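Notes follow the structure.
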Amino acid sequence: MTSSSAAPSSAPPGPAARGPWVVLMALCLGFTLSQAFRTVAAMMAPPLQAGLGLSPAELGVFAATFHFAFGAMQVFMGIGMDLLGVRRTVLLAFPLAVMGSVLCAMAPSFAWLVAGQALIGVGCAPAFLACTVFIARAFPSARFAAVSGAVMGLSGFLQLVLMPRTLGIALLASITYASFIALRGLWLGPMLTQQYGLSLVQSGNVALVVSLTSMVGPLLFGRVSAVGLGRRRWIMGFTLGMAALFLLLALLHSVVATVVIAIAIGFGCGYIVLQYADVRASYPDALTGRALAVFTMAMFLGVAVMQWVTGLAASAATAHGIDPYKVVNLTVTALLLVGTAGFAWLPRAVEER
């Protein structure tokens, strides 16, 4: 008997084998678009203030609306992916982002601008979740399994939220990433152009460097091998370090110092990967997915709240003749301290693994 039929084939993978990778690349492009929408407020702030006469508070609402819509829709997008599958959910949602983009581009007033941002947020809501769900399962589950899984998932979310440990974890999650996005995605551009006279191109270059630096941080912070209470101490220490950087940003009035500190904040926010590790270790295996979903939702809703609150702070500062950017950075500093205190003092988990 010949063994030719049993010999392994050296032919390259066919279309069926490459299919999941093609789909994943398409989903990643959608997530990239979502990232662009998330940070566009920083670059658009000066033109919007000039063209529509937006106050700092309105600018904060404009930036926050995307994140409110994005974060609030996460659970619904997850249910949609369980019931309809990743493909249909994305195809139903993403056209809303296109409509919102057109509406923002043609918006004659602040109200229309906010409506467009809300549509963009809803349209981009499945972007990140679609990637993770598709990686977890290349093909949708059967309808019965999906429906029963969705029901069990909702009950699991309730169980998760009622755990005392969740409050401290979610509180810090809602502030750490939000502080970085508030700087890079909203206030960095206006601060550099209005306070220090940089052009939009120059401020955009600074934002690019900050963004690139933020990609390096997770690679290095991910090598921190502390576990349990040791890891939580690292998380609190790094958060206090971020608070110190924002305090320096408020007190130092130098374009060089501002750029250097912004880059340092971009790098420093990489410690957020330790929070993911803390979440994973704080819940049993059966709740890991839902715990990470709650953590992610807290992060994005925190971004919305942070941008809204800092917008109110900047508007109040302007009304009283105080430097709005100083007040914004002091507000972020205070919120980071509150998050650290909550993480330290609220009930914490005994690690499950």
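Chain lettering (A, B, ...) mirrors the order of the structure tokens, residue numbering begins at 1 for each chain separately, and ligand numbering begins at 1 in order of display.
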Counting only C-alpha atoms, which residues of range 232-296 of chain A fall within 12 Å of range 326-342 of chain A, and what is the closest atom pair for each with its distance in Å at one decimal, ordered by chain and rising number, as JSON lines?
```
{"residue": "A:Arg232", "atom": "CA", "partner": "A:Thr340", "partner_atom": "CA", "distance": 10.2}
{"residue": "A:Arg233", "atom": "CA", "partner": "A:Thr340", "partner_atom": "CA", "distance": 10.1}
{"residue": "A:Trp234", "atom": "CA", "partner": "A:Thr340", "partner_atom": "CA", "distance": 11.2}
{"residue": "A:Ile235", "atom": "CA", "partner": "A:Thr340", "partner_atom": "CA", "distance": 8.6}
{"residue": "A:Met236", "atom": "CA", "partner": "A:Thr340", "partner_atom": "CA", "distance": 5.8}
{"residue": "A:Gly237", "atom": "CA", "partner": "A:Thr340", "partner_atom": "CA", "distance": 8.7}
{"residue": "A:Phe238", "atom": "CA", "partner": "A:Thr340", "partner_atom": "CA", "distance": 9.7}
{"residue": "A:Thr239", "atom": "CA", "partner": "A:Leu336", "partner_atom": "CA", "distance": 6.7}
{"residue": "A:Leu240", "atom": "CA", "partner": "A:Leu337", "partner_atom": "CA", "distance": 6.8}
{"residue": "A:Gly241", "atom": "CA", "partner": "A:Leu336", "partner_atom": "CA", "distance": 9.6}
{"residue": "A:Met242", "atom": "CA", "partner": "A:Leu336", "partner_atom": "CA", "distance": 7.7}
{"residue": "A:Ala243", "atom": "CA", "partner": "A:Thr333", "partner_atom": "CA", "distance": 4.7}
{"residue": "A:Ala244", "atom": "CA", "partner": "A:Thr333", "partner_atom": "CA", "distance": 7.2}
{"residue": "A:Leu245", "atom": "CA", "partner": "A:Thr333", "partner_atom": "CA", "distance": 8.3}
{"residue": "A:Phe246", "atom": "CA", "partner": "A:Asn329", "partner_atom": "CA", "distance": 5.5}
{"residue": "A:Leu247", "atom": "CA", "partner": "A:Thr333", "partner_atom": "CA", "distance": 6.0}
{"residue": "A:Leu248", "atom": "CA", "partner": "A:Asn329", "partner_atom": "CA", "distance": 8.7}
{"residue": "A:Leu249", "atom": "CA", "partner": "A:Asn329", "partner_atom": "CA", "distance": 6.6}
{"residue": "A:Ala250", "atom": "CA", "partner": "A:Lys326", "partner_atom": "CA", "distance": 4.4}
{"residue": "A:Leu251", "atom": "CA", "partner": "A:Lys326", "partner_atom": "CA", "distance": 7.1}
{"residue": "A:Leu252", "atom": "CA", "partner": "A:Lys326", "partner_atom": "CA", "distance": 9.2}
{"residue": "A:His253", "atom": "CA", "partner": "A:Lys326", "partner_atom": "CA", "distance": 9.2}
{"residue": "A:Thr258", "atom": "CA", "partner": "A:Asn329", "partner_atom": "CA", "distance": 11.3}
{"residue": "A:Ile261", "atom": "CA", "partner": "A:Asn329", "partner_atom": "CA", "distance": 11.8}
{"residue": "A:Ala262", "atom": "CA", "partner": "A:Asn329", "partner_atom": "CA", "distance": 11.4}
```
Self-check item: Counting only C-alpha atoms, the residue of A:Pro46, A:Met191, A:Leu84, A:Ser109 that sits nearest Asp323 in chain A
Solution: A:Met191
Exercise. Check the smallest atom-to-atom distance from each of A:Tyr196, A:Tyr271, A:Phe134, A:Phe62 to Thr310 in chain A using only C-alpha atoms, then report the winner.
Key: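 Answer, going by the shortest atom-to-atom distance: A:Phe62.
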Quiz prompt | Nearest candidate to Thr32 in chain A (options A:Leu198, A:Val224, A:Ala127, A:Met106; using only C-alpha atoms) | solution =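 Result for the nearest residue to Thr32 in chain A: A:Ala127.
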